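Trainee: Data file start.csv (CSV, C-alpha atoms and all ligand atoms) is appended below.
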chain,number,residue,atom,x,y,z
A,1,MET,CA,-33.8,6.3,-50.9
A,2,ALA,CA,-32.3,3.9,-53.4
A,3,GLU,CA,-31.6,1.4,-50.6
A,4,THR,CA,-35.2,1.8,-49.4
A,5,ALA,CA,-36.5,1.0,-52.8
A,6,LYS,CA,-34.4,-2.2,-52.9
A,7,ILE,CA,-35.4,-3.2,-49.4
A,8,LEU,CA,-39.1,-3.0,-50.4
A,9,CYS,CA,-38.8,-4.4,-53.9
A,10,PRO,CA,-35.8,-6.8,-54.0
A,11,GLU,CA,-36.9,-8.3,-57.3
A,12,LYS,CA,-36.7,-4.9,-59.1
A,13,THR,CA,-33.6,-3.3,-60.6
A,14,VAL,CA,-32.6,-0.2,-58.7
A,15,LEU,CA,-30.2,2.1,-60.5
A,16,LEU,CA,-28.3,5.0,-58.8
A,17,PRO,CA,-26.8,7.6,-61.1
A,18,ASP,CA,-24.1,8.5,-58.6
A,19,PHE,CA,-23.1,6.3,-55.7
A,20,ASP,CA,-21.4,9.3,-54.0
A,21,ALA,CA,-24.9,10.9,-53.6
A,22,GLY,CA,-25.3,10.1,-50.0
A,23,CYS,CA,-26.7,11.9,-47.0
A,24,THR,CA,-25.0,13.4,-43.8
A,25,LEU,CA,-27.7,11.7,-41.7
A,26,ALA,CA,-26.5,8.3,-42.9
A,27,ASP,CA,-22.9,9.3,-42.7
A,28,ASP,CA,-23.3,10.5,-39.1
A,29,CYS,CA,-24.7,7.1,-38.0
A,30,GLN,CA,-22.4,4.3,-38.9
A,31,PRO,CA,-23.7,0.7,-38.2
A,32,ASP,CA,-20.9,-0.2,-35.6
A,33,ASP,CA,-21.5,3.1,-33.7
A,34,PHE,CA,-25.2,2.5,-33.8
A,35,GLN,CA,-24.7,-1.0,-32.5
A,36,GLU,CA,-22.8,0.5,-29.5
A,37,PHE,CA,-25.7,2.9,-28.9
A,38,LEU,CA,-28.1,0.0,-28.9
A,39,ASP,CA,-25.9,-2.0,-26.6
A,40,LYS,CA,-25.8,0.9,-24.1
A,41,HIS,CA,-29.6,0.9,-24.1
A,42,PRO,CA,-30.6,-2.8,-24.2
A,43,ASP,CA,-34.2,-2.2,-23.0
A,44,HIS,CA,-35.0,0.5,-25.5
A,45,PHE,CA,-37.1,0.4,-28.7
A,46,ALA,CA,-35.1,1.7,-31.6
A,47,ILE,CA,-36.9,4.0,-34.1
A,48,SER,CA,-34.8,5.2,-37.1
A,49,TYR,CA,-35.7,7.9,-39.5
A,50,ILE,CA,-35.8,6.6,-43.1
A,51,ASN,CA,-32.7,8.7,-44.0
A,52,CYS,CA,-30.3,6.1,-42.7
A,53,SER,CA,-28.4,3.3,-44.2
A,54,ALA,CA,-29.8,-0.2,-44.8
A,55,ALA,CA,-27.4,-1.6,-42.2
A,56,VAL,CA,-28.8,0.8,-39.6
A,57,LYS,CA,-32.4,0.0,-40.6
A,58,ALA,CA,-31.5,-3.7,-40.2
A,59,LYS,CA,-30.6,-3.1,-36.5
A,60,SER,CA,-33.8,-0.9,-35.8
A,61,ASP,CA,-37.2,-1.9,-34.5
A,62,LEU,CA,-39.2,0.6,-36.5
A,63,ILE,CA,-38.6,3.0,-39.3
A,64,CYS,CA,-40.4,6.3,-39.6
A,65,THR,CA,-40.6,9.3,-42.0
A,66,SER,CA,-40.9,12.9,-41.1
A,67,SER,CA,-44.5,12.6,-42.0
A,68,ASN,CA,-45.5,9.7,-39.7
A,69,ALA,CA,-42.9,9.9,-36.9
A,70,VAL,CA,-45.1,11.7,-34.4
A,71,ASP,CA,-48.1,9.4,-35.0
A,72,LEU,CA,-45.9,6.2,-34.7
A,73,VAL,CA,-44.4,7.3,-31.5
A,74,LYS,CA,-47.8,8.1,-30.0
A,75,GLN,CA,-48.9,4.5,-30.9
A,76,LEU,CA,-46.2,2.9,-28.8
A,77,PRO,CA,-46.8,1.9,-25.1
A,78,LYS,CA,-46.3,4.9,-22.8
A,79,ASP,CA,-43.8,3.1,-20.6
A,80,LEU,CA,-41.6,1.9,-23.5
A,81,PRO,CA,-38.2,3.7,-23.5
A,82,ILE,CA,-37.4,4.8,-27.1
A,83,LEU,CA,-34.1,5.5,-28.9
A,84,PHE,CA,-34.6,7.9,-31.9
A,85,SER,CA,-31.9,8.1,-34.7
A,86,PRO,CA,-30.3,9.6,-36.5
A,87,ASP,CA,-31.7,13.2,-36.8
A,88,ARG,CA,-31.6,15.0,-33.4
A,89,ASN,CA,-33.6,18.0,-34.6
A,90,LEU,CA,-36.4,15.8,-35.9
A,91,GLY,CA,-36.2,13.8,-32.7
A,92,ARG,CA,-36.6,16.9,-30.6
A,93,TRP,CA,-39.6,18.0,-32.6
A,94,VAL,CA,-41.2,14.5,-32.2
A,95,GLU,CA,-40.6,14.8,-28.5
A,96,ARG,CA,-42.4,18.1,-28.4
A,97,GLN,CA,-45.3,16.9,-30.5
A,98,SER,CA,-45.8,13.5,-28.8
A,99,GLY,CA,-45.0,14.5,-25.2
A,100,ARG,CA,-42.7,11.5,-25.0
A,101,LYS,CA,-39.1,11.6,-23.8
A,102,LEU,CA,-36.7,10.1,-26.4
A,103,THR,CA,-33.1,9.2,-26.2
A,104,LEU,CA,-31.6,10.9,-29.3
A,105,TRP,CA,-28.7,10.0,-31.6
A,106,PRO,CA,-26.8,13.3,-32.2
A,107,GLY,CA,-26.9,13.2,-36.1
A,108,ARG,CA,-27.9,16.2,-38.2
A,109,CYS,CA,-28.7,17.2,-41.8
A,110,LEU,CA,-26.0,19.6,-43.0
A,111,VAL,CA,-28.5,21.5,-45.1
A,112,HIS,CA,-31.1,22.1,-42.3
A,113,GLU,CA,-28.3,23.1,-39.8
A,114,THR,CA,-27.1,25.9,-42.0
A,115,PHE,CA,-30.3,27.9,-41.6
A,116,ASN,CA,-30.0,30.6,-38.9
A,117,GLU,CA,-32.3,32.9,-37.0
A,118,GLU,CA,-30.7,36.1,-38.3
A,119,SER,CA,-31.3,35.4,-42.0
A,120,LEU,CA,-34.9,34.3,-41.2
A,121,ILE,CA,-35.7,37.3,-39.1
A,122,LYS,CA,-34.3,39.7,-41.8
A,123,LEU,CA,-36.7,38.0,-44.3
A,124,LYS,CA,-39.6,38.2,-41.9
A,125,ILE,CA,-39.0,41.9,-41.6
A,126,LYS,CA,-38.8,42.3,-45.4
A,127,TYR,CA,-41.9,40.1,-46.1
A,128,PRO,CA,-44.1,40.7,-43.0
A,129,THR,CA,-47.1,38.8,-44.4
A,130,ALA,CA,-45.2,35.8,-45.6
A,131,GLU,CA,-45.8,32.5,-43.8
A,132,VAL,CA,-42.7,30.5,-42.6
A,133,LEU,CA,-42.8,26.9,-43.7
A,134,ALA,CA,-40.2,24.7,-42.0
A,135,HIS,CA,-39.1,21.0,-42.2
A,136,PRO,CA,-38.7,19.4,-38.7
A,137,GLU,CA,-35.0,18.7,-39.5
A,138,CYS,CA,-34.4,22.4,-38.8
A,139,GLN,CA,-33.1,23.5,-35.4
A,140,GLU,CA,-35.5,24.2,-32.6
A,141,ASN,CA,-35.0,28.0,-32.5
A,142,LEU,CA,-36.0,28.2,-36.2
A,143,LEU,CA,-39.0,25.9,-35.7
A,144,ASP,CA,-40.2,28.3,-33.0
A,145,LEU,CA,-40.5,31.0,-35.7
A,146,ALA,CA,-42.4,28.8,-38.1
A,147,ASP,CA,-46.1,29.1,-39.0
A,148,PHE,CA,-46.2,25.6,-40.3
A,149,ILE,CA,-43.9,22.6,-39.7
A,150,GLY,CA,-44.1,19.4,-41.7
A,151,SER,CA,-42.6,16.9,-44.1
A,152,THR,CA,-41.9,17.8,-47.7
A,153,SER,CA,-45.3,16.6,-48.8
A,154,LYS,CA,-47.1,18.4,-46.0
A,155,LEU,CA,-45.3,21.6,-46.7
A,156,LEU,CA,-46.3,21.3,-50.4
A,157,ASN,CA,-49.9,20.7,-49.5
A,158,TYR,CA,-50.0,23.5,-47.0
A,159,SER,CA,-48.6,26.0,-49.4
A,160,GLN,CA,-51.3,25.1,-51.9
A,161,LYS,CA,-54.2,25.4,-49.4
A,162,SER,CA,-53.0,28.5,-47.5
A,163,ASN,CA,-54.8,31.8,-48.1
A,164,GLN,CA,-51.4,33.5,-48.0
A,165,ASP,CA,-49.6,34.2,-51.2
A,166,LYS,CA,-46.0,34.5,-49.9
A,167,PHE,CA,-43.9,31.9,-48.1
A,168,LEU,CA,-40.4,31.8,-46.6
A,169,VAL,CA,-39.2,28.2,-47.1
A,170,LEU,CA,-36.9,26.6,-44.5
A,171,THR,CA,-35.9,23.4,-46.2
A,172,GLU,CA,-33.9,22.2,-49.2
A,173,PRO,CA,-34.9,24.7,-51.9
A,174,GLY,CA,-35.5,21.9,-54.5
A,175,ILE,CA,-39.1,21.8,-53.0
A,176,ILE,CA,-39.7,25.4,-54.4
A,177,HIS,CA,-39.8,24.0,-57.9
A,178,GLN,CA,-42.6,21.7,-56.9
A,179,MET,CA,-44.4,24.5,-55.1
A,180,ARG,CA,-44.2,26.7,-58.2
A,181,LEU,CA,-45.6,23.9,-60.4
A,182,LYS,CA,-48.5,23.4,-58.1
A,183,ASP,CA,-49.4,27.1,-57.7
A,184,PRO,CA,-47.3,29.4,-59.9
A,185,LEU,CA,-49.2,32.5,-58.7
A,186,LYS,CA,-47.8,32.4,-55.2
A,187,THR,CA,-44.3,33.6,-54.2
A,188,TYR,CA,-41.8,31.2,-52.6
A,189,ILE,CA,-38.7,32.7,-51.0
A,190,GLU,CA,-35.9,30.4,-50.0
A,191,VAL,CA,-34.2,31.2,-46.7
A,192,PRO,CA,-30.4,31.3,-47.4
A,193,GLY,CA,-27.7,29.8,-45.3
A,194,LEU,CA,-25.5,32.0,-43.1
A,195,ASP,CA,-24.3,35.2,-44.9
A,196,GLY,CA,-26.5,34.4,-47.9
A,197,CYS,CA,-24.5,31.4,-48.9
A,198,SER,CA,-26.1,28.7,-51.0
A,199,CYS,CA,-25.1,26.0,-48.5
A,200,ASN,CA,-28.9,25.4,-48.0
A,201,GLU,CA,-28.6,23.4,-51.2
A,202,CYS,CA,-27.9,19.7,-50.6
A,203,PRO,CA,-24.6,18.9,-52.3
A,204,TYR,CA,-25.7,15.2,-52.4
A,205,MET,CA,-29.0,15.8,-54.1
A,206,ARG,CA,-27.3,18.0,-56.7
A,207,MET,CA,-25.0,15.1,-57.7
A,208,ASN,CA,-27.9,13.4,-59.5
A,209,THR,CA,-27.7,15.5,-62.7
A,210,LEU,CA,-29.9,15.0,-65.8
A,211,GLU,CA,-26.8,13.9,-67.7
A,212,LYS,CA,-26.0,11.2,-65.1
A,213,VAL,CA,-29.7,10.0,-65.1
A,214,TYR,CA,-29.5,9.7,-68.9
A,215,LYS,CA,-26.2,7.8,-68.9
A,216,CYS,CA,-27.5,5.6,-66.1
A,217,LEU,CA,-30.7,4.7,-68.0
A,218,LYS,CA,-28.8,4.2,-71.2
A,219,GLU,CA,-26.2,1.8,-69.6
A,220,MET,CA,-28.6,0.3,-67.0
A,221,GLY,CA,-26.0,1.0,-64.3
A,222,PRO,CA,-24.6,1.5,-61.9
A,223,GLU,CA,-27.0,-0.9,-60.2
A,224,LEU,CA,-27.6,-1.1,-56.4
A,225,LYS,CA,-26.9,-4.5,-55.0
A,226,MET,CA,-27.7,-5.5,-51.4
A,227,ASP,CA,-26.7,-8.3,-49.2
A,228,GLU,CA,-30.0,-10.4,-48.9
A,229,ASN,CA,-29.5,-10.9,-45.1
A,230,ILE,CA,-29.3,-7.2,-44.5
A,231,ARG,CA,-32.2,-6.5,-46.8
A,232,ALA,CA,-34.4,-9.1,-45.1
A,233,MET,CA,-33.6,-7.7,-41.6
A,234,ALA,CA,-34.1,-4.1,-42.8
A,235,TYR,CA,-37.5,-5.1,-44.3
A,236,LYS,CA,-38.9,-6.0,-40.9
A,237,PRO,CA,-38.9,-2.5,-39.4
A,238,MET,CA,-40.0,-1.0,-42.7
A,239,LYS,CA,-43.0,-3.4,-42.8
A,240,LYS,CA,-43.8,-2.6,-39.2
A,241,MET,CA,-43.9,1.1,-40.2
A,242,LEU,CA,-46.3,0.4,-43.1
A,243,ASP,CA,-48.5,-1.8,-40.9
A,244,MET,CA,-48.7,0.9,-38.2
A,245,SER,CA,-49.4,3.6,-40.8
A,246,ASN,CA,-52.5,1.8,-42.2
B,301,LIG,S1,-31.0,17.5,-47.5
B,301,LIG,FE1,-29.3,16.2,-48.1
B,301,LIG,S2,-28.1,15.8,-46.3
B,301,LIG,FE2,-30.1,16.6,-45.6
B,301,LIG,S3,-31.4,14.8,-45.2
B,301,LIG,FE3,-31.7,15.4,-47.3
B,301,LIG,S4,-30.2,14.1,-48.5
B,301,LIG,FE4,-29.5,14.1,-46.4
Is it possible to express this structure as structure tokens?
Ligand code: SF4

Mentor:
Amino acid sequence: MAETAKILCPEKTVLLPDFDAGCTLADDCQPDDFQEFLDKHPDHFAISYINCSAAVKAKSDLICTSSNAVDLVKQLPKDLPILFSPDRNLGRWVERQSGRKLTLWPGRCLVHETFNEESLIKLKIKYPTAEVLAHPECQENLLDLADFIGSTSKLLNYSQKSNQDKFLVLTEPGIIHQMRLKDPLKTYIEVPGLDGCSCNECPYMRMNTLEKVYKCLKEMGPELKMDENIRAMAYKPMKKMLDMSN
């Protein structure tokens, strides 16, 4: 996210409270390995989910978010072969929604892969009227049990507009705080990881504590710096996404 801010606004100062606060999707898709993937499929168009490194963005043809991925894929010529990286679950969901065959990079989000059918079904039995809200980074068998699938912002909007008052939330539980702020009268239940563990909480997101944000603002650092060549190359597929989204 910090890199994306820098790619789009190079003249601005971008601070990152903890440089270890990464993402398994970015870790799973190293630039050299990604280049090999591209070399194996030279005639393919490379779409990368925004949760990847600046170096991978720089090698991509188009960036997408979980909100616009389906729409962007539908806009591409039907005979254009497509590589989709790095989240295989999001890629599979985009395939189903768009009716297009994609060649998928095998990356995954460690948080969304901890959800399991057994925990979800137990909660569905306990709360039979609750609607299941899922992020498309979840595995296919869980998405099949969802009432609504969408990006974080779409899940938030849906929970507000729905006539139901209980929701089982299949994504990083930080979103529940936002849901409660928007509509405190509804009940939001986080689906736990296997055996009720709290591995559904992203360890990277949790690294950005209030204390670190305070220190970072006070000291105006650490600051994210980026090689201008990579930034300029990564900007092109980002700009393409913005143009196609208008
Ligand atoms: S929940 Fe954490 S690991 Fe998963 S996509 Fe978000 S930042 Fe990456």

Trainee: For Ser53 in chain A, work out the shell of residues within 9 Å, counting only C-alpha atoms and skipping chain neighbours fewer than 6 positions away, then give it as a list in words.

Mentor: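 Final neighbour list, sorted by chain and number: Glu3, Thr4, Leu25, Ala26, Asp27, Cys29, Gln30 and Pro31 of chain A.
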
Trainee: Hey, which residues sit close to ligand LIG 301 (chain B)? Say within 6 Å, counting only C-alpha atoms and all ligand atoms, and write them as a list in words.

Mentor: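 The neighbouring residues of ligand LIG 301 (chain B) are, in order, Cys23, Thr24, Leu25, Cys109, Leu110, Val111, Glu172, Cys202, Tyr204 and Met205 of chain A.
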
Trainee: Using all atoms listed in the file, can you tell me which of A:Leu133, A:Leu194, A:Leu170, A:Cys138 comes closest to Arg88 in chain A?

Mentor: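 So, comparing all the options, the nearest one is A:Cys138.
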
Trainee: Name the closest residue to Asp79 in chain A among the candidates A:Trp93, A:Phe115, A:Phe45, A:Trp105; distances are taken between atoms, counting only C-alpha atoms.

Mentor: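 Among the listed residues, A:Phe45 lies closest to Asp79 in chain A.
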
Trainee: Just the number, please: distance in Å from CA of Ala232 in chain A to CA of Gln75 in chain A, one decimal.

Mentor: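 Spanning CA of Ala232 in chain A to CA of Gln75 in chain A is a straight-line distance of 24.4 Å.
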
Trainee: May I have the protein, DNA and RNA residues with an atom at most 12 Å from (-40.0, 26.3, -34.3), counting all atoms listed in the file in the file's coordinates, returned as a short mmCIF file (atom, residue, chain, number, x, y, z; two decimals) with C-alpha atoms, in the coordinates of the input?

Mentor:
data_model
loop_
_atom_site.label_atom_id
_atom_site.label_comp_id
_atom_site.auth_asym_id
_atom_site.auth_seq_id
_atom_site.Cartn_x
_atom_site.Cartn_y
_atom_site.Cartn_z
CA ASN A 89 -33.60 18.00 -34.60
CA LEU A 90 -36.40 15.80 -35.90
CA ARG A 92 -36.60 16.90 -30.60
CA TRP A 93 -39.60 18.00 -32.60
CA ARG A 96 -42.40 18.10 -28.40
CA GLN A 97 -45.30 16.90 -30.50
CA ASN A 116 -30.00 30.60 -38.90
CA GLU A 117 -32.30 32.90 -37.00
CA LEU A 120 -34.90 34.30 -41.20
CA VAL A 132 -42.70 30.50 -42.60
CA LEU A 133 -42.80 26.90 -43.70
CA ALA A 134 -40.20 24.70 -42.00
CA HIS A 135 -39.10 21.00 -42.20
CA PRO A 136 -38.70 19.40 -38.70
CA GLU A 137 -35.00 18.70 -39.50
CA CYS A 138 -34.40 22.40 -38.80
CA GLN A 139 -33.10 23.50 -35.40
CA GLU A 140 -35.50 24.20 -32.60
CA ASN A 141 -35.00 28.00 -32.50
CA LEU A 142 -36.00 28.20 -36.20
CA LEU A 143 -39.00 25.90 -35.70
CA ASP A 144 -40.20 28.30 -33.00
CA LEU A 145 -40.50 31.00 -35.70
CA ALA A 146 -42.40 28.80 -38.10
CA ASP A 147 -46.10 29.10 -39.00
CA PHE A 148 -46.20 25.60 -40.30
CA ILE A 149 -43.90 22.60 -39.70
CA GLY A 150 -44.10 19.40 -41.70
CA LEU A 170 -36.90 26.60 -44.50
#

Trainee: Report as JSON lines the residues of range 130-166 of chain A within 9 Å of range 184-190 of chain A, each with its shortest atom pair and distance in Å (one decimal), using all atoms listed in the file, ordered by chain and increasing residue number.

Mentor:
{"residue": "A:Ala130", "atom": "CA", "partner": "A:Thr187", "partner_atom": "CA", "distance": 8.9}
{"residue": "A:Ser159", "atom": "CA", "partner": "A:Lys186", "partner_atom": "CA", "distance": 8.7}
{"residue": "A:Gln160", "atom": "CA", "partner": "A:Lys186", "partner_atom": "CA", "distance": 8.7}
{"residue": "A:Gln164", "atom": "CA", "partner": "A:Lys186", "partner_atom": "CA", "distance": 8.1}
{"residue": "A:Asp165", "atom": "CA", "partner": "A:Lys186", "partner_atom": "CA", "distance": 4.7}
{"residue": "A:Lys166", "atom": "CA", "partner": "A:Thr187", "partner_atom": "CA", "distance": 4.7}

Trainee: Tell me which protein, DNA and RNA residues are within 9 Å of range 7-14 of chain A, counting all atoms listed in the file, leaving out same-chain ones fewer than 3 positions away, and put them as a ChimeraX atom specification.

Mentor: /A:2-4,54,220-226,228,230-232,234-235,238-239

Trainee: Please check which residues have atoms at most 7 Å from (-31.8, -5.5, -39.5) in the file's coordinates, counting only C-alpha atoms, and write them as a list of chain:residue names.

Mentor: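 Taken together, the residues in range are A:Ala55, A:Val56, A:Lys57, A:Ala58, A:Lys59, A:Ser60, A:Ile230, A:Met233, A:Ala234.
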
Trainee: Nearest to Met179 in chain A: which of A:Asn229, A:Ser48, A:Thr152, A:Asn68 is it, counting all atoms listed in the file?

Mentor: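 Smallest separation from Met179 in chain A among the options: A:Thr152.
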
Trainee: Taking only C-alpha atoms into account, name the residue in A:Pro128, A:Pro237, A:Pro203, A:Pro173 that is nearest to Ala21 in chain A.

Mentor: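 For Ala21 in chain A, the nearest of the given residues is A:Pro203.
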
Trainee: So the first atom is CA of Ser85 in chain A and the second is CA of Asn208 in chain A; what is the distance between them in Å, to one decimal place?

Mentor: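 These atoms are spaced 25.7 Å apart.
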
Trainee: Between A:Asn157, A:Ile121, A:Leu83, A:Val169, which is the closest to Lys182 in chain A once you count all atoms listed in the file?

Mentor: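 Of all the options, A:Asn157 lies closest to Lys182 in chain A.
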
Trainee: So how far away is CA of Gly107 in chain A from CA of Asp18 in chain A, in Å?

Mentor: 23.2 Å

Trainee: For Leu181 in chain A, which residue out of A:Lys101, A:Lys6, A:Pro86, A:Leu156 is the nearest one, using all atoms listed in the file?

Mentor: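 Closest residue, counting all atoms listed in the file: A:Leu156.
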
Trainee: Output: range 28-89 of chain A of the preceding structure, restricted to C-alpha atoms, written as a PDB file, in the first residue's frame.

Mentor:
ATOM      1  CA  ASP A  28       5.027 -15.298  -2.681  1.00  0.00           C
ATOM      2  CA  CYS A  29       5.737 -13.457  -5.928  1.00  0.00           C
ATOM      3  CA  GLN A  30       9.371 -12.402  -6.130  1.00  0.00           C
ATOM      4  CA  PRO A  31      10.308 -10.273  -9.170  1.00  0.00           C
ATOM      5  CA  ASP A  32      12.829 -12.774 -10.634  1.00  0.00           C
ATOM      6  CA  ASP A  33      10.360 -15.663 -10.351  1.00  0.00           C
ATOM      7  CA  PHE A  34       7.648 -13.477 -11.834  1.00  0.00           C
ATOM      8  CA  GLN A  35       9.940 -12.636 -14.763  1.00  0.00           C
ATOM      9  CA  GLU A  36      10.401 -16.384 -15.403  1.00  0.00           C
ATOM     10  CA  PHE A  37       6.621 -16.786 -15.382  1.00  0.00           C
ATOM     11  CA  LEU A  38       6.326 -13.974 -17.947  1.00  0.00           C
ATOM     12  CA  ASP A  39       9.098 -15.487 -20.086  1.00  0.00           C
ATOM     13  CA  LYS A  40       7.253 -18.818 -20.159  1.00  0.00           C
ATOM     14  CA  HIS A  41       4.125 -17.056 -21.459  1.00  0.00           C
ATOM     15  CA  PRO A  42       5.469 -14.375 -23.830  1.00  0.00           C
ATOM     16  CA  ASP A  43       2.165 -13.873 -25.663  1.00  0.00           C
ATOM     17  CA  HIS A  44       0.138 -13.345 -22.456  1.00  0.00           C
ATOM     18  CA  PHE A  45      -1.156 -10.113 -20.954  1.00  0.00           C
ATOM     19  CA  ALA A  46      -0.098  -9.836 -17.286  1.00  0.00           C
ATOM     20  CA  ILE A  47      -2.655  -8.583 -14.756  1.00  0.00           C
ATOM     21  CA  SER A  48      -1.390  -8.201 -11.190  1.00  0.00           C
ATOM     22  CA  TYR A  49      -3.499  -7.711  -8.095  1.00  0.00           C
ATOM     23  CA  ILE A  50      -2.482  -4.519  -6.291  1.00  0.00           C
ATOM     24  CA  ASN A  51      -1.150  -6.552  -3.323  1.00  0.00           C
ATOM     25  CA  CYS A  52       2.227  -7.167  -4.967  1.00  0.00           C
ATOM     26  CA  SER A  53       5.580  -5.397  -4.892  1.00  0.00           C
ATOM     27  CA  ALA A  54       6.459  -2.321  -6.954  1.00  0.00           C
ATOM     28  CA  ALA A  55       8.984  -4.449  -8.865  1.00  0.00           C
ATOM     29  CA  VAL A  56       6.236  -6.901  -9.896  1.00  0.00           C
ATOM     30  CA  LYS A  57       3.899  -4.046 -10.789  1.00  0.00           C
ATOM     31  CA  ALA A  58       6.670  -2.654 -13.000  1.00  0.00           C
ATOM     32  CA  LYS A  59       6.702  -5.920 -14.998  1.00  0.00           C
ATOM     33  CA  SER A  60       2.883  -6.098 -15.337  1.00  0.00           C
ATOM     34  CA  ASP A  61       0.593  -4.843 -18.092  1.00  0.00           C
ATOM     35  CA  LEU A  62      -2.317  -3.943 -15.834  1.00  0.00           C
ATOM     36  CA  ILE A  63      -2.984  -3.672 -12.085  1.00  0.00           C
ATOM     37  CA  CYS A  64      -6.344  -4.547 -10.553  1.00  0.00           C
ATOM     38  CA  THR A  65      -8.004  -4.435  -7.139  1.00  0.00           C
ATOM     39  CA  SER A  66     -10.429  -7.005  -5.756  1.00  0.00           C
ATOM     40  CA  SER A  67     -13.134  -4.441  -6.495  1.00  0.00           C
ATOM     41  CA  ASN A  68     -12.443  -3.923 -10.198  1.00  0.00           C
ATOM     42  CA  ALA A  69     -10.684  -7.166 -11.279  1.00  0.00           C
ATOM     43  CA  VAL A  70     -13.752  -8.775 -12.880  1.00  0.00           C
ATOM     44  CA  ASP A  71     -14.749  -5.630 -14.737  1.00  0.00           C
ATOM     45  CA  LEU A  72     -11.215  -5.069 -16.077  1.00  0.00           C
ATOM     46  CA  VAL A  73     -10.875  -8.657 -17.296  1.00  0.00           C
ATOM     47  CA  LYS A  74     -14.242  -8.392 -19.062  1.00  0.00           C
ATOM     48  CA  GLN A  75     -12.996  -5.295 -20.919  1.00  0.00           C
ATOM     49  CA  LEU A  76     -10.020  -7.123 -22.467  1.00  0.00           C
ATOM     50  CA  PRO A  77     -10.301  -8.695 -25.958  1.00  0.00           C
ATOM     51  CA  LYS A  78     -11.786 -12.196 -25.698  1.00  0.00           C
ATOM     52  CA  ASP A  79      -8.896 -13.887 -27.515  1.00  0.00           C
ATOM     53  CA  LEU A  80      -6.184 -12.259 -25.369  1.00  0.00           C
ATOM     54  CA  PRO A  81      -4.474 -14.883 -23.142  1.00  0.00           C
ATOM     55  CA  ILE A  82      -4.137 -13.562 -19.573  1.00  0.00           C
ATOM     56  CA  LEU A  83      -1.772 -14.222 -16.688  1.00  0.00           C
ATOM     57  CA  PHE A  84      -3.232 -13.378 -13.278  1.00  0.00           C
ATOM     58  CA  SER A  85      -0.944 -12.856 -10.253  1.00  0.00           C
ATOM     59  CA  PRO A  86      -0.330 -13.247  -7.387  1.00  0.00           C
ATOM     60  CA  ASP A  87      -3.522 -14.459  -5.603  1.00  0.00           C
ATOM     61  CA  ARG A  88      -4.768 -17.787  -6.973  1.00  0.00           C
ATOM     62  CA  ASN A  89      -8.066 -17.633  -5.059  1.00  0.00           C
TER      63      ASN A  89
END
